[in-house]
Amino acid sequence: MEVSHSVKERTIAENSLVILLQGLHSHVTTVDLRDESTATGRVTNVDAFMNVRLAEVTYTDRQGTVSHLDELFVTGRNVRYVHIPDEVDIRATIERQLQAIHRVRYFGGRDKGRKEFPRTKHK
Amino acid sequence: VAFFFFQQQTTNTVEEPLDLIRLSLDERIYVKMRNDRELRGRLHAYDQHLNMILGDVEETVTTIEIDEETYEEIYKSTKRNIPMLFVRGDGVVLVAPPLRVG
């Protein structure tokens, strides 16, 4: 599972719906951009800010001109829609992503390793 | 399939505006978006940014054309259907129950 190496990004993703998009890794999806163009390709990465990397892309610009790109990076701000493929089970995908984050977070056991968040202090 | 993505949820009462959206989970809703777009679909999930997952969506894009001779405004709308759509929250203007036509 592809979990971000950054604590900040993991926390942001865990608390928003971006986590679903992160679970679309390797799926062929269509991203509608803010400027009315569309990009269809295989998702290679989505970060906590919804920046999307696609591979083997069919890009249709605003005028309708089609082109093919090996890779495309879309800034999160420029995403309007992401078409979720029919084969994706949304609930399962989100749960899988959350489990992957928890596995990374609690690596080494509860009392071992560097803690991401301090344990609750007793007064 | 109703899925409420908000692990911090601890209350069932309506306390803040986002809670009103929670009442519409798994219901059909109307979403007005920027750039003269409207969506009608079933709300499966949302988050604090108003990123949403909508199922069985109909998107309506409205454009205004000006007649060259009469200068009257002609409203045209284009619709399309998408089975499952993730919507980025910063495009959302308002969320409401579906409008009753007529």
# chains A, B, ... in the order shown; residues from 1 in each chain; ligands from 1
call {"tool": "residues_around", "arguments": {"residues": "Thr93 in chain A", "least_positions_apart": "2", "cutoff": "9 Å", "atoms": "only C-alpha atoms", "output": "number ranges by chain"}}
result
A: 19-20, 22-24, 88-91, 95-98
call {"tool": "select_by_dssp", "arguments": {"residues": "range 8-88 of chain A", "states": "alpha helix (DSSP H)", "output": "list of chain:residue names"}}
result
A:Lys8, A:Glu9, A:Arg10, A:Thr11, A:Ile12, A:Ala13, A:Glu14, A:Val18, A:Ile19, A:Leu20, A:Leu21, A:Gln22
call {"tool": "interface_residues", "arguments": {"of": "chain A", "to": "chain B", "cutoff": "10 Å", "atoms": "only C-alpha atoms", "output": "count of residues only"}}
result
27
call {"tool": "residues_around", "arguments": {"residues": "range 116-118 of chain A", "least_positions_apart": "4", "cutoff": "9 Å", "atoms": "only C-alpha atoms", "output": "PyMOL selection string"}}
result
chain A and resi 7+105-106
call {"tool": "select_by_dssp", "arguments": {"residues": "range 30-98 of chain B", "states": "strand (DSSP E or B)", "output": "MDAnalysis selection string"}}
result
chainID B and resid 30:33 37:46 52:66 73:87 92:96
call {"tool": "residues_around", "arguments": {"residues": "Glu56 in chain A", "least_positions_apart": "2", "cutoff": "6 Å", "atoms": "only C-alpha atoms", "output": "PDB file with N, CA, C and O atoms, in the first residue's frame"}}
result
ATOM      1  N   GLY A  41      -6.081   8.293 -17.240  1.00  0.00           N
ATOM      2  CA  GLY A  41      -4.836   7.536 -17.169  1.00  0.00           C
ATOM      3  C   GLY A  41      -4.798   6.715 -15.910  1.00  0.00           C
ATOM      4  O   GLY A  41      -5.736   6.728 -15.098  1.00  0.00           O
ATOM      5  N   LEU A  69       0.070  11.409 -23.376  1.00  0.00           N
ATOM      6  CA  LEU A  69       1.223  11.758 -22.560  1.00  0.00           C
ATOM      7  C   LEU A  69       1.654  10.565 -21.742  1.00  0.00           C
ATOM      8  O   LEU A  69       0.818   9.799 -21.273  1.00  0.00           O
ATOM      9  N   ASP A  70       2.972  10.399 -21.600  1.00  0.00           N
ATOM     10  CA  ASP A  70       3.450   9.300 -20.764  1.00  0.00           C
ATOM     11  C   ASP A  70       3.115   9.543 -19.304  1.00  0.00           C
ATOM     12  O   ASP A  70       2.742   8.636 -18.575  1.00  0.00           O
TER      13      ASP A  70
END
call {"tool": "atom_distance", "arguments": {"atom1": "CA of Glu2 in chain A", "atom2": "CA of Val46 in chain A"}}
result
9.4 Å
call {"tool": "atom_distance", "arguments": {"atom1": "CA of Asn12 in chain B", "atom2": "CA of Glu27 in chain B"}}
result
17.1 Å
call {"tool": "residues_around", "arguments": {"residues": "Thr44 in chain A", "least_positions_apart": "5", "cutoff": "6 Å", "atoms": "only C-alpha atoms", "output": "list in words"}}
result
His25, Ser26, Arg53 and Leu54 of chain A
call {"tool": "residues_around", "arguments": {"residues": "range 61-76 of chain B", "least_positions_apart": "5", "cutoff": "9 Å", "atoms": "only C-alpha atoms", "output": "list in words"}}
result
Asn35, Asp36, Arg37, Glu38 and Leu39 of chain B
call {"tool": "atom_distance", "arguments": {"atom1": "CA of Thr38 in chain A", "atom2": "CA of Lys79 in chain B"}}
result
16.4 Å
call {"tool": "residues_around", "arguments": {"residues": "Ile21 in chain B", "least_positions_apart": "2", "cutoff": "10 Å", "atoms": "only C-alpha atoms", "output": "list in words"}}
result
Val14, Glu16, Pro17, Leu18, Asp19, Leu23, Ser24, Leu25, Ile29, Leu43, Ala45, Tyr46, Asp47, Leu50, Val95, Ala96 and Pro97 of chain B
